[in-house]
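Novice: Pasting a structure here, questions to come.
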Amino acid sequence: MPASPKDGGIPAESPRNVFSSPCRDEHAAPTSGDMNLPTSAMASKASGASKGSDLHASPSIMHAALRSGAKSSSLPAVPPVPPVPPMAVSSTITTASTISDCTIGALYGYVVGSVCQDIEQVTGEPGDVQLDGKLAYGNAALTFKDVSFSLPTSHGDSNTILAPCSGHFEPGTLVALMGPSGSGKTTLLDILAAKKTSPYSGTVHMNGRPRDCLFPRLTSYVPQDDIMFPTVTVKEQVMFHTALKTEVPYAVSRTMMANATELRLRAVGLEEVQDAYIGSDVVRGISGGQRRRVSLACGLATGAQIFFCDEPTSGLSATDAEQCVRYMRLLCKKYHVTIIAAIHQPRQEVAVLFDHLLLLTANPGEVIYNGPMVQATQYWCDAGFPVPDLVSPTDYFLDLITPGTVDSQADHFLSFYRDTAKPVIVRLVDAELHRERRTAMELLEDRRRILCRFGEMPPVRRSIYAVRFRKQLQKVFCRQLRLLIRDQQGILTNVVVAVAQGLLVGAAYIGIGNHAGYNQAGFFFMLVMTCALSGIKVMPKAISERSVMKLEVSEVLYNDWAYIISFTTLNGIVSLLCNALFVLIVFLMSQLRWEIFGTVLLWNSAIFIAMDSVYMFVAAAAKDSSAAQILLVPFLMLAMIFNGFTVSRASVPDFMVWALEMSPVSHTLEEMVYSIQKQTESIELMIIVDQFGYQSSLGAAVGVLGAWFVLFRIGQIVCLKAMHNIKR
Ligand SMILES: Nc1ncnc2c1ncn2[C@@H]1O[C@H](COP(=O)(O)OP(=O)(O)OP(=O)(O)O)[C@@H](O)[C@H]1O
C-alpha cells in the first residue's frame, strides 16, 4: 500500500509549507513515513498503489502491447497550462487580506491548480501520476461477490440480465466497465453504487464491510442522463454539488470555493463556458457534450472515495473524451480514489488510461475479462485470439464478444474465463470480502483530519447528508431564489397575466360600487372564482422541476424537505403577490368603498392559498402535465360547481348540501359577502344574503379553507416524497 494519510502520514508541518512546495508533483511533499525518501523512491512507491493484488500487476511490456497503434503524439489533448508558482495561485485564489485566509486560498489553488497542470503528465504509464502525499485521502476498496440481476418474464420464469459477477477494486484504481449495448454495465454500476431500486442478488462490501448509511457520503454517482435546471450556470451547478457534498474549513470563503471551481472546470475543458447557462430546448445553453462534462465535474467535485460514472464520455468528441478520462486518472492516482466508469468502446488513447478492465458479454451480461487493462491483450492472445496489428484492441475485444455478430466468440471466451481467470478472482474476492480496513466513519474522519490542518472544521456527522439541514435549506433556497429572479419571462408573464385579468374583469364590472348591491353579488362571485383558478398556472413548472429534485435527492445532495419548503415558499409568495395585484386592479375599477378592500383582499387571498395547495398536490401526484389535468377535474368540479352563487344554499338539493359545505369557494363567497354587508350595512346586500341563504359561519369557513390547505399540502408532501422516485 502506498503511503497515505490513513497510515498516520499527516505531516506535522504548518500549512504554510504548502507554499514552499511547487505545484508540480515531483515536489509534492512526502508523508511522514516517507519524509526522507528521494522523489524517485516516492514515485516507485506511489506506482505501487496499484499493486495491491496480483490483478493489479502491470508489466510495462503488456502496457506497450496495449498501446500499440496509439499515436502518442495525440495524447496531450489539454492546452498546456503554464506552471504557476503556488504563491501566484494563491493570489488569484483569494481576495481575503489575512494571512490565514491566504493560506487556505493557497491550499485550494494548490490542490486544484496542480491538478490542471498535471493533466499533461497523464499518459497511462505506471507511475505517470504520483500520489499526493499531503492531500491523498482515498482509501476505500470495493469488493463484490455473485452480484446478479434478473427480471421476471410473463411466463413466470426469469430473464437473467446480469449473471453472477464478482470482483475487487483497490483504492486508486481507474476501472473501465465495458461490454456490448444491453450487457448490464449500468445495472452492475447501479448495484455497486447502491442505486439499484429493483431487487438483485449478491454482496457488495466497502473495505471488507457491508455498505452502511454513510456509503452515499463516500461515493458519488454520475448518471447517464444530464438532468439539471436550465437557468443555472455551469459554475453554480458544480459549486452547488461541492457545497452540499463536502464540509470545508470554516475559513474557506465563497470566493475561494468559486476560484477552486474555476480551476476544476478548466481541468475538464469547461472554463470557457463556466458562466453559461446549462440550457434546455427553450433556454439557450451549453452543448450536449459540455453538459455531460458538467455532470462529470459535479460528481468529481464531491470529494468522494469511490466514483461511479455511467458513460461519462458519451456524446463527447474523441479529444474531449480523452481529456475527461485523463482528469479521472489524475484524480485516481493523485488522491488515491477509485473511479468505476461504464464506457462504450473507447479509442486506444483513452483505453490505456484505465488500470482495470471489466468486460461483459451480453444476453445475459456475463464477465469475459476482469483484470488489469495492460494484460488484456496478452489474455486475448492466450485465449487464441491475438490482437492483429493495426487493430484497436478494445474494438477487437468487443467484436469478438458481442453475441450474434459474425465474428462472435463469446462462448469460447466465457469458458476460457471460467477455466483460467475466474478461480483467481474468486479467491481474491473471498479473501477481500471480509478483510476489514477503515470503516466509513474512519474514512470521513481521515479526510476531515487532512482538511483540519487548514482551519477549523465542523465535526463529521453520522448522517447520509454531508451537511446539516440548515445548510441544505440555505443552499436550495438560494438556488430557487436565483432561478426565480432569472426567470424574468416567467415573472413578467405572471405580472402581465395578473394585470390583463384585472383589466378584463375590472372592465366587465367597472363602477359596480355605484350600482345596487344585488349587481355586486355577481362581481364578488367572479372575483372569488378567478382567484381560485389563478394558481393553476404554476402546475407545469412544479412538474418539470420535480424531475431535477428527484435526481438530486437520489444523489443524497439534500433532504427533499429543503426543496419542498423552498419551492412552496418562494412560488407561494410570488403567486400571492400577483393575485393581490389582480384584486387591487379589479377593486380600483369597481369603485367600491375602500373600507371593504381589506375584507375583499383577505378572503380572495385565502381562497387562492387553499386552491394553490390543490394544484401543488396534483402537480406532485401526476406523472405529467396531461395526467395532472385529468386528476384536477374532480377537485375543480367540487370547488367550482358548488360555489355559493350559481349553486347556493337556497337552490341546492338537500342530498348535495354536503358538497356546498365542503366547497372552499362557497364558504369564501358566503363569508366575504356577509362581512361586507355587516361593514357597509347595505340593504341590497342584506337582500342577497337572504336570497342565497348565506349564514355567518366564520369558524366553518376558516375550518374548510384550512382543511383544504392542510390536507392537500400533506398530500403534496407525501406524493413528492413517495412517488416518481428514480427507478433503476
Ligand atoms: N429495473 C429494471 N427493470 C426492467 N429492465 C431493466 C431494469 N434494469 C435493467 N433492465 C434491462 O436490463 C438490460 C441491460 O440494461 P443496462 O442499462 O444495464 O445495459 P447497458 O450495458 O448499460 O446498456 P447500454 O450500453 O446500452 O447503456 C436492458 O434491457 C434494460 O432494459
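Please note that chains go A, B, ... in the order of the C-alpha cells, that every chain numbers its residues from 1, and that ligands are numbered from 1 in the order shown.
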Name each residue within 12 Å of ligand 1, counting only C-alpha atoms and all ligand atoms, as a short mmCIF file (atom, residue, chain, number, x, y, z; two decimals) with C-alpha atoms, in the first residue's frame.

Specialist:
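Okay, part-v6.cif is ready:
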```
data_model
loop_
_atom_site.label_atom_id
_atom_site.label_comp_id
_atom_site.auth_asym_id
_atom_site.auth_seq_id
_atom_site.Cartn_x
_atom_site.Cartn_y
_atom_site.Cartn_z
CA SER A 148 -26.63 -10.67 -10.41
CA PHE A 149 -29.90 -9.26 -11.68
CA SER A 150 -32.91 -10.99 -13.24
CA LEU A 151 -36.31 -9.85 -14.37
CA PRO A 152 -39.47 -11.95 -14.13
CA THR A 153 -40.98 -12.81 -17.51
CA SER A 158 -36.96 -15.17 -15.01
CA ASN A 159 -34.77 -13.49 -17.59
CA THR A 160 -31.17 -13.07 -16.45
CA ILE A 161 -29.85 -9.62 -17.27
CA LEU A 162 -26.60 -9.92 -15.34
CA ALA A 163 -25.17 -13.34 -14.47
CA LEU A 177 -16.69 -1.31 -17.35
CA MET A 178 -17.15 -2.31 -20.97
CA GLY A 179 -19.48 -4.53 -22.95
CA PRO A 180 -21.97 -4.52 -25.80
CA SER A 181 -25.15 -2.49 -25.52
CA GLY A 182 -27.57 -4.10 -23.07
CA SER A 183 -24.88 -6.22 -21.43
CA GLY A 184 -25.75 -4.86 -18.00
CA LYS A 185 -23.00 -2.28 -17.47
CA THR A 186 -25.39 0.27 -15.98
CA THR A 187 -27.09 -2.47 -13.99
CA LEU A 188 -23.79 -3.56 -12.43
CA LEU A 189 -22.77 0.05 -11.80
CA ASP A 190 -26.12 0.78 -10.13
CA ILE A 191 -25.82 -2.27 -7.91
CA LYS A 195 -28.58 2.88 -6.63
CA LYS A 196 -30.45 -0.15 -7.93
CA THR A 197 -34.04 0.07 -6.75
CA SER A 198 -35.14 -3.29 -8.21
CA PRO A 199 -34.25 -6.43 -6.24
CA TYR A 200 -30.91 -8.03 -7.04
CA PRO A 223 -25.85 9.21 -14.05
CA GLN A 224 -26.30 8.68 -17.78
CA ASP A 225 -28.86 11.47 -18.13
CA CYS A 309 -19.70 7.21 -13.71
CA ASP A 310 -22.21 5.95 -16.25
CA GLU A 311 -20.88 6.66 -19.72
CA PRO A 312 -19.10 9.87 -18.72
CA SER A 314 -20.83 9.65 -24.32
CA ALA A 341 -16.76 4.13 -15.39
CA ALA A 342 -19.15 2.32 -17.72
CA ILE A 343 -17.79 3.21 -21.11
CA HIS A 344 -18.52 2.37 -24.74
CA GLN A 345 -15.64 1.30 -26.96
CA LEU A 359 -15.59 -6.75 -19.81
CA LEU A 360 -19.09 -8.18 -20.10
CA THR A 361 -20.74 -10.10 -22.89
CA ALA A 362 -24.48 -9.72 -23.48
CA ASN A 363 -27.61 -11.94 -23.27
CA PRO A 364 -27.05 -12.38 -20.41
CA GLY A 365 -24.39 -9.98 -19.20
CA GLU A 366 -21.53 -12.18 -18.06
CA THR A 402 -20.77 -9.40 -28.91
CA ILE A 726 -35.91 7.44 -9.72
CA LYS A 727 -36.25 3.77 -10.62
CA ARG A 728 -33.22 1.82 -11.58
#
```

Novice: Could you list, as a PyMOL selection string, every residue within 8 Å of A:Glu684, counting only C-alpha atoms and ignoring same-chain residues fewer than 6 positions away?

Specialist: chain A and resi 516-518

Novice: Calculated over only C-alpha atoms, which of the candidates A:Ala650, A:Met656, A:Ala176, A:Val234 has the smallest distance to A:Asp690?

Specialist: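 Looking only at the distances to A:Asp690, the closest residue turns out to be A:Ala650.
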
Novice: When you count only C-alpha atoms, which of these residues is closest to A:Val495: A:Tyr465, A:Phe582, A:Phe523, A:Phe655?

Specialist: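 Nearest to A:Val495: A:Phe582.
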
Novice: Could you name the residues that touch A:Leu192 at 9 Å or less, counting only C-alpha atoms, but leaving out those on the same chain fewer than 4 positions away, as a list in words?

Specialist: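 That gives Leu142, Thr143, Phe144, Val147, Thr187, Leu188, Lys196, Val204, His205 and Phe308 of chain A.
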
Novice: Provide the atom CA of A:Val268 to atom CA of A:Phe169 distance in Å, to one decimal place.

Specialist: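 Atom CA of A:Phe169 lies 24.8 Å from atom CA of A:Val268.
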
Novice: With only C-alpha atoms as the counted atoms, please give the residues lying no more than 10 Å from A:Ile641, apart from itself and same-chain residues fewer than 2 positions off, as number ranges by chain.

Specialist: A: 636-639, 643-648, 659-660, 663, 665-666

Novice: Name the closest residue to A:Asn604 among the candidates A:Glu670, A:Asp320, A:Glu552, A:Glu545; distances are taken between atoms, counting only C-alpha atoms.

Specialist: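 Of the candidates, the smallest distance to A:Asn604 is held by A:Glu670.
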
Novice: Which is closest to A:Ala301 among A:Leu244, A:Val600, A:Cys478, A:Cys531, if we use only C-alpha atoms?

Specialist: A:Leu244

Novice: Give me, as a PyMOL selection string, the residues of stretch 339-437 of chain A that a backbone DSSP run labels strand (DSSP E or B).

Specialist: chain A and resi 339-342+356-361+365-372

Novice: Near A:Gln474, counting only C-alpha atoms, which residues have an atom at most 10 Å away, once you skip same-chain residues fewer than 6 positions from it, shown as a ChimeraX atom specification?

Specialist: /A:480,562,566

Novice: Nearest residue to A:Ser317 out of A:Leu632, A:Val122, A:Leu300, A:Val350, using only C-alpha atoms?

Specialist: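 Checking each of A:Leu632, A:Val122, A:Leu300, A:Val350 against A:Ser317, counting only C-alpha atoms, the winner is A:Val350.
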
Novice: Closest to A:Ser287 among A:Pro423, A:Asp226, A:Arg211, A:Ile306, using only C-alpha atoms?

Specialist: A:Asp226

Novice: Tell me, which residues of stretch 401-621 of chain A carry DSSP alpha helix (DSSP H), written as a PyMOL selection string?

Specialist: chain A and resi 401+410-419+421-433+440-452+469-486+488-508+517-534+539-554+560-590+597-621

Novice: What's around A:Ala276 at 10 Å? Count only C-alpha atoms, leave out sequence neighbours fewer than 6 positions away in its own chain, and write the answer as a ChimeraX atom specification.

Specialist: /A:231-236,270,284-286

Novice: Within 8 Å of A:Phe229, counting only C-alpha atoms, which residues qualify if same-chain residues fewer than 4 places away don't, as a tab-separated table (two decimals) with C-alpha atoms, in the first residue's frame?

Specialist:
```tsv
chain	number	residue	atom	x	y	z
A	278	ILE	CA	-26.89	24.76	-18.70
A	279	GLY	CA	-29.79	25.36	-21.10
A	545	GLU	CA	-38.75	20.94	-11.68
A	548	VAL	CA	-34.39	17.56	-11.17
```

Novice: How far is it from atom CA of A:Val718 to atom CA of A:Trp658, in Å with one decimal?

Specialist: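 Distance between the two atoms: 26.8 Å.
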
Novice: Between atom CA of A:Pro386 and atom CA of A:Leu400, what is the distance in Å, rounded to a tenth?

Specialist: 11.3 Å
